[in-house]
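File shown: upload_20.cif (mmCIF, C-alpha atoms).
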data_data
#
loop_
_atom_site.label_atom_id
_atom_site.label_comp_id
_atom_site.auth_asym_id
_atom_site.auth_seq_id
_atom_site.Cartn_x
_atom_site.Cartn_y
_atom_site.Cartn_z
CA MET A 83 0.00 0.00 0.00
CA GLY A 84 1.26 3.47 -0.84
CA ARG A 85 2.24 6.13 1.67
CA ALA A 86 1.38 9.76 2.15
CA ILE A 87 4.32 11.96 3.21
CA ALA A 88 3.86 15.52 4.46
CA VAL A 89 6.98 17.67 4.16
CA HIS A 90 6.77 20.41 6.76
CA SER A 91 8.88 23.00 8.56
CA TYR A 92 8.49 25.56 11.29
CA LYS A 93 9.85 28.43 9.25
CA GLY A 94 10.07 29.27 5.59
CA GLY A 95 13.41 29.11 3.83
CA THR A 96 14.46 25.73 5.21
CA GLY A 97 14.56 24.16 1.75
CA LYS A 98 11.35 22.22 2.23
CA THR A 99 10.11 22.66 -1.35
CA VAL A 100 13.48 21.68 -2.84
CA VAL A 101 13.34 18.55 -0.66
CA SER A 102 9.72 17.79 -1.66
CA VAL A 103 10.31 18.19 -5.38
CA ASN A 104 13.58 16.28 -5.41
CA LEU A 105 12.23 13.49 -3.21
CA ALA A 106 9.24 13.07 -5.52
CA ALA A 107 11.51 13.10 -8.59
CA THR A 108 13.88 10.57 -6.96
CA TYR A 109 11.07 8.11 -6.33
CA ALA A 110 9.64 8.67 -9.80
CA ARG A 111 13.05 8.13 -11.39
CA LYS A 112 13.24 4.79 -9.54
CA GLY A 113 10.00 3.67 -11.15
CA LYS A 114 7.65 4.42 -8.28
CA ARG A 115 4.21 5.84 -8.98
CA VAL A 116 4.32 9.33 -7.49
CA CYS A 117 1.91 12.18 -6.90
CA LEU A 118 3.19 15.52 -5.57
CA PHE A 119 0.82 18.11 -4.09
CA ASP A 120 1.60 21.78 -3.57
CA PHE A 121 -0.08 22.27 -0.20
CA ASP A 122 1.33 25.73 0.34
CA PHE A 123 -1.85 27.60 -0.58
CA ARG A 124 -0.50 30.83 0.95
CA ALA A 125 2.62 30.91 -1.25
CA PRO A 126 2.42 28.36 -4.09
CA SER A 127 5.64 27.64 -5.97
CA LEU A 128 5.53 24.23 -7.62
CA GLN A 129 4.00 25.68 -10.77
CA ILE A 130 7.47 27.18 -11.42
CA ALA A 131 9.36 23.87 -11.13
CA PHE A 132 6.81 22.10 -13.31
CA LYS A 133 6.19 25.01 -15.69
CA SER A 134 2.48 24.43 -15.57
CA ASN A 135 -0.66 26.54 -15.68
CA PRO A 136 -3.47 23.97 -15.41
CA GLU A 137 -7.15 24.64 -16.03
CA TYR A 138 -8.05 23.51 -12.49
CA TRP A 139 -6.06 23.77 -9.29
CA LEU A 140 -6.08 21.83 -6.02
CA ASN A 141 -7.99 24.83 -4.60
CA ASP A 142 -10.91 23.95 -6.93
CA PHE A 143 -10.92 20.36 -5.63
CA PHE A 144 -10.97 21.45 -1.99
CA ASP A 145 -13.73 23.96 -2.70
CA GLY A 146 -15.78 20.94 -3.70
CA GLY A 147 -16.45 21.79 -7.30
CA ILE A 148 -13.97 19.67 -9.20
CA GLU A 149 -12.87 16.03 -9.15
CA LEU A 150 -9.30 15.36 -8.11
CA ARG A 151 -8.31 13.81 -11.44
CA ASP A 152 -9.18 17.07 -13.23
CA THR A 153 -6.63 18.98 -11.16
CA LEU A 154 -3.69 16.59 -11.61
CA VAL A 155 -1.05 17.40 -14.21
CA ASP A 156 0.64 14.36 -15.70
CA VAL A 157 4.37 15.13 -16.07
CA THR A 158 5.45 11.52 -16.69
CA SER A 159 6.52 11.97 -20.29
CA LYS A 160 7.75 15.53 -19.75
CA PHE A 161 10.46 14.16 -17.46
CA SER A 162 10.73 10.77 -19.21
CA MET A 163 9.82 8.90 -16.05
CA PRO A 164 9.43 5.11 -16.15
CA SER A 165 6.18 5.31 -14.18
CA VAL A 166 3.38 7.69 -13.23
CA PHE A 167 4.46 11.14 -12.04
CA GLU A 168 1.67 13.62 -11.42
CA VAL A 169 1.46 16.98 -9.69
CA GLY A 170 -1.45 18.78 -8.05
CA LEU A 171 -0.77 22.51 -7.99
CA ALA A 172 -2.03 25.32 -5.80
CA ASN A 173 -3.38 28.43 -7.48
CA PRO A 174 -0.74 31.19 -7.24
CA SER A 175 -3.05 34.07 -8.18
CA SER A 176 -3.45 36.84 -5.62
CA THR A 177 -7.21 36.24 -5.55
CA ALA A 178 -6.72 32.59 -4.65
CA THR A 179 -4.10 33.19 -1.95
CA ARG A 180 -6.33 35.87 -0.39
CA GLN A 181 -9.36 33.57 -0.52
CA ILE A 182 -7.52 31.00 1.60
CA LEU A 183 -7.52 33.52 4.46
CA THR A 184 -11.33 33.68 4.39
CA LYS A 185 -11.91 29.93 4.85
CA ASP A 186 -13.70 29.05 8.08
CA GLN A 187 -13.32 26.00 10.32
CA LYS A 188 -16.25 24.23 8.67
CA TRP A 189 -14.55 24.54 5.28
CA GLU A 190 -11.27 23.26 6.75
CA MET A 191 -13.06 20.25 8.22
CA LYS A 192 -14.54 19.45 4.81
CA ALA A 193 -11.11 20.00 3.23
CA LEU A 194 -9.61 17.39 5.56
CA GLN A 195 -12.31 14.91 4.61
CA ARG A 196 -11.68 15.60 0.93
CA LEU A 197 -7.95 15.16 1.44
CA LEU A 198 -8.51 11.77 3.07
CA THR A 199 -10.81 10.78 0.21
CA ALA A 200 -8.13 11.91 -2.25
CA LYS A 201 -5.53 9.87 -0.37
CA ASP A 202 -7.71 6.76 -0.59
CA GLU A 203 -8.35 7.32 -4.29
CA LEU A 204 -4.66 7.77 -5.05
CA LEU A 205 -3.08 5.15 -2.80
CA ASP A 206 -5.76 2.45 -2.84
CA LYS A 207 -7.51 2.74 -6.18
CA ARG A 208 -4.80 4.20 -8.38
CA LYS A 209 -1.96 2.36 -6.61
CA ILE A 210 0.19 5.45 -6.21
CA ASP A 211 3.30 4.51 -4.19
CA TYR A 212 4.04 7.95 -2.77
CA LEU A 213 1.79 10.96 -2.25
CA ILE A 214 4.10 13.79 -1.23
CA MET A 215 2.57 16.99 0.14
CA ASP A 216 4.74 20.11 0.19
CA THR A 217 3.13 22.15 2.97
CA SER A 218 3.03 25.73 4.17
CA PRO A 219 5.53 26.41 6.97
CA GLY A 220 4.38 26.82 10.53
CA ILE A 221 0.91 26.26 11.92
CA ALA A 222 -1.42 26.64 8.97
CA PHE A 223 -4.72 24.81 8.60
CA SER A 224 -3.71 23.18 5.33
CA SER A 225 -0.41 22.03 6.84
CA LEU A 226 -2.14 20.55 9.88
CA ASN A 227 -4.59 18.76 7.58
CA ALA A 228 -1.68 17.34 5.57
CA ILE A 229 0.03 16.21 8.79
CA VAL A 230 -3.13 14.49 10.05
CA ALA A 231 -3.67 12.79 6.69
CA SER A 232 -0.07 11.67 6.31
CA ASP A 233 1.51 8.33 7.13
CA LEU A 234 4.87 10.00 7.71
CA VAL A 235 5.91 13.60 8.35
CA LEU A 236 9.30 14.77 7.09
CA LEU A 237 10.19 17.81 9.16
CA VAL A 238 12.86 20.03 7.65
CA SER A 239 14.84 22.35 9.91
CA THR A 240 17.99 24.40 9.68
CA LEU A 241 20.41 24.97 12.58
CA ASP A 242 19.30 28.56 12.98
CA GLU A 243 18.45 29.14 16.66
CA SER A 244 14.93 30.40 16.03
CA ASP A 245 14.27 27.45 13.73
CA LEU A 246 15.55 24.95 16.30
CA ASP A 247 13.51 26.56 19.06
CA GLY A 248 10.31 26.77 17.02
CA THR A 249 10.65 23.27 15.59
CA GLN A 250 11.21 21.87 19.07
CA ARG A 251 8.04 23.56 20.35
CA MET A 252 6.08 22.42 17.31
CA ILE A 253 7.10 18.79 17.86
CA ARG A 254 6.28 19.01 21.56
CA ASP A 255 3.00 20.94 21.38
CA THR A 256 1.51 20.07 18.00
CA TYR A 257 2.94 16.86 16.64
CA THR A 258 2.70 15.02 19.94
CA SER A 259 -0.89 16.21 20.36
CA LEU A 260 -1.73 14.83 16.94
CA GLU A 261 0.13 11.61 17.79
CA LYS A 262 2.59 12.12 14.95
CA LYS A 263 6.29 11.41 15.34
CA PRO A 264 8.17 13.24 12.62
CA VAL A 265 11.29 12.21 10.79
CA VAL A 266 13.74 15.11 10.94
CA LEU A 267 15.95 16.38 8.14
CA VAL A 268 18.48 19.08 8.95
CA ASN A 269 19.22 21.25 5.94
CA LYS A 270 21.66 23.99 4.99
CA VAL A 271 24.32 22.81 7.44
CA LEU A 272 27.69 24.59 7.22
CA ILE A 273 30.14 22.30 5.49
CA GLU A 274 32.68 22.72 8.36
CA GLN A 275 30.19 21.13 10.77
CA LEU A 276 30.22 17.98 8.66
CA SER A 277 33.92 18.00 7.83
CA SER A 278 34.75 14.94 9.95
CA GLU A 279 32.95 11.90 11.29
CA ALA A 280 33.45 13.12 14.86
CA ARG A 281 31.87 16.51 14.10
CA ARG A 282 29.02 14.84 12.25
CA LYS A 283 28.28 12.53 15.20
CA SER A 284 28.47 15.40 17.66
CA LEU A 285 26.04 17.48 15.60
CA SER A 286 23.70 14.53 15.20
CA LYS A 287 23.63 14.05 18.99
CA GLU A 288 22.88 17.74 19.52
CA VAL A 289 19.98 17.56 17.06
CA GLU A 290 18.66 14.44 18.77
CA ALA A 291 18.89 16.15 22.16
CA THR A 292 16.93 19.13 20.80
CA PHE A 293 14.20 17.30 18.93
CA GLY A 294 14.04 13.99 20.73
CA VAL A 295 14.74 12.12 17.48
CA PRO A 296 18.01 11.64 15.60
CA PRO A 297 18.16 13.36 12.21
CA LEU A 298 17.46 11.12 9.22
CA GLU A 299 20.04 13.04 7.24
CA MET A 300 22.00 16.29 7.50
CA ILE A 301 22.28 18.15 4.21
CA PRO A 302 25.11 20.65 3.71
CA CYS A 303 24.49 24.09 2.33
CA TYR A 304 25.15 23.83 -1.38
CA CYS A 305 25.74 27.33 -2.73
CA ASP A 306 25.21 26.20 -6.30
CA VAL A 307 21.79 24.78 -5.39
CA LEU A 308 20.87 28.01 -3.61
CA GLY A 309 21.78 29.91 -6.74
CA THR A 310 19.89 27.57 -9.05
CA SER A 311 16.58 28.60 -10.52
CA ARG A 312 13.44 27.03 -9.02
CA ARG A 313 12.84 25.59 -12.47
CA SER A 314 15.67 23.12 -11.98
CA ILE A 315 15.13 19.74 -10.34
CA ILE A 316 18.62 18.75 -9.19
CA THR A 317 18.04 15.00 -9.08
CA LEU A 318 16.98 15.08 -12.73
CA ASP A 319 19.21 17.83 -14.14
CA LYS A 320 22.37 16.91 -12.21
CA PRO A 321 22.07 13.28 -11.03
CA GLU A 322 25.75 13.20 -10.04
CA HIS A 323 25.38 16.19 -7.69
CA PRO A 324 25.97 15.31 -4.01
CA LEU A 325 22.44 16.54 -3.19
CA ALA A 326 20.99 14.10 -5.72
CA LYS A 327 22.93 11.28 -4.08
CA GLN A 328 21.73 12.38 -0.63
CA MET A 329 18.14 12.48 -1.84
CA ASP A 330 18.67 8.93 -3.04
CA ARG A 331 19.76 7.89 0.47
CA ILE A 332 16.88 9.82 2.04
CA SER A 333 14.36 8.12 -0.24
CA GLU A 334 15.70 4.70 0.75
CA ARG A 335 15.69 5.51 4.46
CA ILE A 336 12.14 6.86 4.31
CA ALA A 337 11.05 3.66 2.58
CA LEU A 338 12.33 1.77 5.62
CA GLU A 339 10.69 4.07 8.18
CA ARG A 340 7.54 2.66 9.83
CA MET B 86 -9.74 52.06 -28.17
CA THR B 87 -9.97 50.78 -31.76
CA ASP B 88 -12.88 48.64 -33.01
CA LYS B 89 -10.57 45.64 -33.34
CA SER B 90 -9.29 45.86 -29.77
CA SER B 91 -12.84 46.40 -28.45
CA VAL B 92 -13.99 43.22 -30.18
CA GLN B 93 -10.98 41.36 -28.79
CA SER B 94 -11.68 42.61 -25.29
CA ILE B 95 -15.34 41.60 -25.51
CA SER B 96 -14.29 38.17 -26.84
CA GLU B 97 -11.98 37.61 -23.90
CA THR B 98 -14.65 38.68 -21.44
CA LEU B 99 -17.16 36.30 -23.01
CA ARG B 100 -14.60 33.48 -22.83
CA ASP B 101 -14.07 34.15 -19.12
CA ILE B 102 -17.83 34.21 -18.51
CA ARG B 103 -18.20 30.93 -20.39
CA LYS B 104 -15.45 29.34 -18.30
CA SER B 105 -17.12 30.52 -15.07
CA ILE B 106 -20.48 29.09 -16.19
CA ASP B 107 -18.83 25.75 -17.04
CA LEU B 108 -17.20 25.69 -13.62
CA LEU B 109 -20.50 26.47 -11.87
CA ASN B 110 -22.25 23.70 -13.81
CA ARG B 111 -19.58 21.20 -12.81
CA LYS B 112 -19.81 22.26 -9.16
CA MET B 113 -23.60 21.82 -9.23
CA ASP B 114 -23.26 18.35 -10.78
CA LEU B 115 -20.73 17.30 -8.19
CA LEU B 116 -22.73 18.69 -5.28
CA LEU B 117 -25.84 16.87 -6.49
CA LYS B 118 -23.80 13.68 -6.85
CA GLU B 119 -22.46 14.05 -3.30
CA ARG B 120 -25.95 14.68 -1.92
CA ARG B 121 -27.32 11.56 -3.65
CA SER B 122 -24.51 9.34 -2.33
CA THR B 123 -24.91 10.71 1.23
CA SER B 124 -28.63 9.88 1.28
CA LYS B 125 -27.80 6.27 0.33
CA SER B 126 -25.23 5.96 3.10
CA PRO B 127 -25.97 3.24 5.68
CA LEU B 128 -24.98 5.70 8.38
CA ALA B 129 -27.76 8.02 7.25
CA ASN B 130 -30.13 5.10 7.82
CA ASN B 131 -28.93 4.73 11.40
CA ASP B 132 -27.16 1.50 10.59
CA THR B 133 -25.34 0.23 13.64
CA LYS B 134 -22.47 -1.12 11.54
CA LEU B 135 -19.63 1.10 12.56
CA ARG B 136 -17.16 0.55 9.77
CA ALA B 137 -18.00 -0.94 6.39
CA GLU B 138 -15.75 -3.71 5.19
CA GLY B 139 -12.97 -2.39 3.03
CA GLU B 140 -13.79 1.22 3.89
CA THR B 141 -10.70 3.15 4.76
CA SER B 142 -10.90 5.52 7.68
CA LYS B 143 -12.26 9.00 7.31
CA PHE B 144 -12.14 11.89 9.70
CA TYR B 145 -15.40 13.51 10.68
CA GLY B 146 -16.73 16.18 12.91
CA PHE B 147 -13.63 18.01 14.03
CA ASP B 148 -11.21 20.35 12.39
CA VAL B 149 -7.58 20.07 13.39
CA VAL B 150 -7.40 23.33 15.31
CA THR B 151 -10.41 22.34 17.42
CA LEU B 152 -8.72 19.01 18.14
CA LEU B 153 -5.53 20.77 19.22
CA SER B 154 -7.51 23.04 21.55
CA LEU B 155 -9.00 20.10 23.43
CA PRO B 156 -7.39 18.78 26.64
CA ASP B 157 -5.15 15.78 25.92
CA HIS B 158 -7.51 13.21 27.45
CA LEU B 159 -10.45 14.41 25.36
CA ARG B 160 -8.41 14.77 22.18
CA LYS B 161 -7.63 11.07 22.06
CA THR B 162 -11.33 10.22 22.39
CA ALA B 163 -12.29 12.87 19.82
CA MET B 164 -9.75 11.60 17.29
CA THR B 165 -10.97 8.05 17.73
CA ILE B 166 -14.64 8.89 17.25
CA SER B 167 -13.66 11.04 14.26
CA HIS B 168 -12.62 7.86 12.52
CA LEU B 169 -15.48 5.67 13.75
CA ARG B 170 -18.12 8.36 13.44
CA GLU B 171 -20.53 6.52 15.78
CA ALA B 172 -19.46 4.38 18.70
CA SER B 173 -20.19 3.23 22.22
CA ALA B 174 -17.79 3.86 25.08
CA GLY B 175 -16.70 0.26 24.80
CA ASP B 176 -15.88 0.66 21.10
CA ILE B 177 -13.75 3.71 21.88
CA ALA B 178 -12.04 1.95 24.79
CA ASN B 179 -11.10 -0.92 22.46
CA GLU B 180 -9.27 1.55 20.23
CA THR B 181 -7.67 3.72 22.91
CA HIS B 182 -6.94 0.90 25.37
CA ARG B 183 -8.29 3.02 28.21
CA ALA B 184 -10.98 1.99 30.67
CA ARG B 185 -14.56 1.93 29.35
CA ALA B 186 -15.76 4.02 32.29
CA ALA B 187 -13.13 6.67 31.55
CA GLU B 188 -14.11 6.82 27.87
CA SER B 189 -17.76 7.09 28.86
CA ASP B 190 -16.90 10.11 30.99
CA TYR B 191 -14.84 11.71 28.20
CA LEU B 192 -17.56 11.10 25.61
CA ASN B 193 -20.14 12.69 27.86
CA GLN B 194 -17.85 15.69 28.30
CA LEU B 195 -17.67 16.04 24.50
CA VAL B 196 -21.48 15.90 24.38
CA THR B 197 -21.68 18.68 26.97
CA MET B 198 -19.22 20.73 24.93
CA GLY B 199 -21.49 20.33 21.90
CA TYR B 200 -19.16 18.24 19.71
CA LEU B 201 -21.09 14.97 19.92
CA LYS B 202 -24.67 13.72 20.22
CA LYS B 203 -25.86 10.67 22.12
CA ARG B 204 -28.61 8.12 21.59
CA ARG B 205 -29.61 4.84 23.16
CA ARG B 206 -30.13 1.48 21.56
CA GLY B 207 -31.37 -0.85 24.22
CA ARG B 208 -29.10 -0.45 27.21
CA THR B 209 -26.15 0.88 25.25
CA ALA B 210 -25.45 4.54 24.65
CA TYR B 211 -23.98 5.44 21.27
CA PHE B 212 -22.16 8.67 20.68
CA TYR B 213 -22.04 10.17 17.23
CA ILE B 214 -21.04 13.17 15.21
CA GLU B 215 -23.99 14.98 13.77
CA GLU B 216 -23.75 15.92 10.08
#

What does the file become when written as structure tokens?
Amino acid sequence: MGRAIAVHSYKGGTGKTVVSVNLAATYARKGKRVCLFDFDFRAPSLQIAFKSNPEYWLNDFFDGGIELRDTLVDVTSKFSMPSVFEVGLANPSSTATRQILTKDQKWEMKALQRLLTAKDELLDKRKIDYLIMDTSPGIAFSSLNAIVASDLVLLVSTLDESDLDGTQRMIRDTYTSLEKKPVVLVNKVLIEQLSSEARRKSLSKEVEATFGVPPLEMIPCYCDVLGTSRRSIITLDKPEHPLAKQMDRISERIALER
Amino acid sequence: MTDKSSVQSISETLRDIRKSIDLLNRKMDLLLKERRSTSKSPLANNDTKLRAEGETSKFYGFDVVTLLSLPDHLRKTAMTISHLREASAGDIANETHRARAAESDYLNQLVTMGYLKKRRRGRTAYFYIEE
């Protein structure tokens, strides 16, 4: 049975979207059937990576007017993937991002039910192996819905003090309350902090002491990736890049997580 | 504005209107479809079967923020009945592995708070989320 993964972070700028897109592409490249959702309705960005302007957006599905299949963009042949690779995009228009602010709790409850229905349709009926949801940072309704609906939460944090503090509180106060134990990825680590095995182990222990879980992986800060356009998917465009190889490892480790 | 650009502008406006009408029609069709399938639901007929075979779990009655605002002991009960939708205290206790009497107390608290309703079938009280 397939799995739903929510990729979340406390703050913006942790590299969550780069992780989501590259993780989805890594699985798809390996022949897995993948669906990637842009769940950041406040600041959509996946339409840039996938160069797409679909007729219907995920917003239309959650509003209740449109079937899920009408919102999904099939990018399988675009990226020459061996198996299904689809994306569900959030509407980036100013009107749509403003409308999200007006949604009430009743709408959000219905949205969660629709998300769970979508998950069943994708994972059970359509045999999708991985549904990856790139969420809005922090405590946003859509992010909480994605977390509740997910089978695994991949929490991306940097080593910035405010990020560590906020992520720690989020794990303690929100994730625990929702009975979700996240898998932690530390991103944008200074290369010096990973320069030796001893330093790596020491940093890993510090992260574990802060979050209560050891990090799944610690990703160095790659300046060339930071400078790369959002249109580029590193694992596809530069498969020999160290980040692509790390995403490979991450994808394998996640597959083993239960 | 020239005649040609006026015609173009009107054309674009008409296209947008057409698209909006198509979208409204599709929404109406889908809403009617959802209403028809809800009225056929065994739960709507007060079926006591709590979970249909093969049916994967849904999540009813609570939004996430409301769940987070509940005290820990009530949240666990609320999350469980969100999946089951209608259950006795014993059914909830089987899922949470807490005492039946404790779950009965928590369920009654959720009724008092307005999140659940309660009805009797014989000697057993069933708690449910109202549509």

**OP:** Could you tell me which residues the PyMOL selection byres ((chain B) within 9 of (chain A)) grabs in this file, written as an MDAnalysis selection string?
**Re:** chainID B and resid 108:116 141:153 157 160:161 164

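Interatomic distance, CA of Leu213 (chain A) to CA of Gly170 (chain A): 10.3 Å.
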
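CA of Ala131 (chain A) to CA of Val157 (chain A) spans 11.2 Å [interatomic distance, one decimal].
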
Subject >> Expansion of the PyMOL selection byres ((chain B and resi 191-203) around 12) into residues, as number ranges by chain >> reply: B: 145-148, 151-152, 155-167, 170-178, 181, 183-190, 204-206, 209-216

Subject >> Residues returned when the PyMOL selection byres ((chain A and resi 129) around 10) runs on this file, as number ranges by chain >> reply: A: 120, 126-128, 130-136, 169-174, 312-313

Subject >> Computed interatomic separation between CA of Val89 (chain A) and CA of Val101 (chain A) (Å) >> reply: 8.0 Å

Can you tell me, as JSON, the centre and edge lengths (Å, one decimal) of the axis-aligned box enclosing all of region 154-169 of chain A's listed atoms after padding each side by 5 Å?
{"center_x": 3.5, "center_y": 11.3, "center_z": -15.0, "size_x": 24.4, "size_y": 22.3, "size_z": 20.6}

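For region 319-331 of chain A, the non-local neighbours within 9 Å, defined as residues at least 3 positions apart in the same chain or in other chains and counting all atoms listed in the file, are A:Val101, A:Asn104, A:Leu105, A:Thr108, A:Tyr109, A:Glu299, A:Ile301, A:Pro302, A:Tyr304, A:Val307, A:Ser314, A:Ile315, A:Ile316, A:Glu334, A:Arg335, A:Ile336.
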
For Pro264 (chain A): contacts at 9 Å, only C-alpha atoms, fewer than 4 positions along chain excluded, given as an mmCIF file with C-alpha atoms, in the coordinates of the input:
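Saved as around_35.cif:
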data_model
loop_
_atom_site.group_PDB
_atom_site.id
_atom_site.type_symbol
_atom_site.label_atom_id
_atom_site.label_comp_id
_atom_site.auth_asym_id
_atom_site.auth_seq_id
_atom_site.Cartn_x
_atom_site.Cartn_y
_atom_site.Cartn_z
ATOM 1 C CA LEU A 234 4.870 10.000 7.710
ATOM 2 C CA VAL A 235 5.910 13.600 8.350
ATOM 3 C CA LEU A 236 9.300 14.770 7.090
ATOM 4 C CA LEU A 237 10.190 17.810 9.160
ATOM 5 C CA ILE A 253 7.100 18.790 17.860
ATOM 6 C CA TYR A 257 2.940 16.860 16.640
ATOM 7 C CA VAL A 295 14.740 12.120 17.480
#

Original post:
Between A:Thr240, A:Leu204, A:Asp186, A:Pro297, which one has atoms that come closest to Ser284 (chain A), using only C-alpha atoms?
Top reply: A:Pro297

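Taking only C-alpha atoms, the non-local environment of Phe121 (chain A) within 6 Å (same-chain residues fewer than 5 positions away omitted) comprises Met215, Asp216 and Thr217 of chain A.
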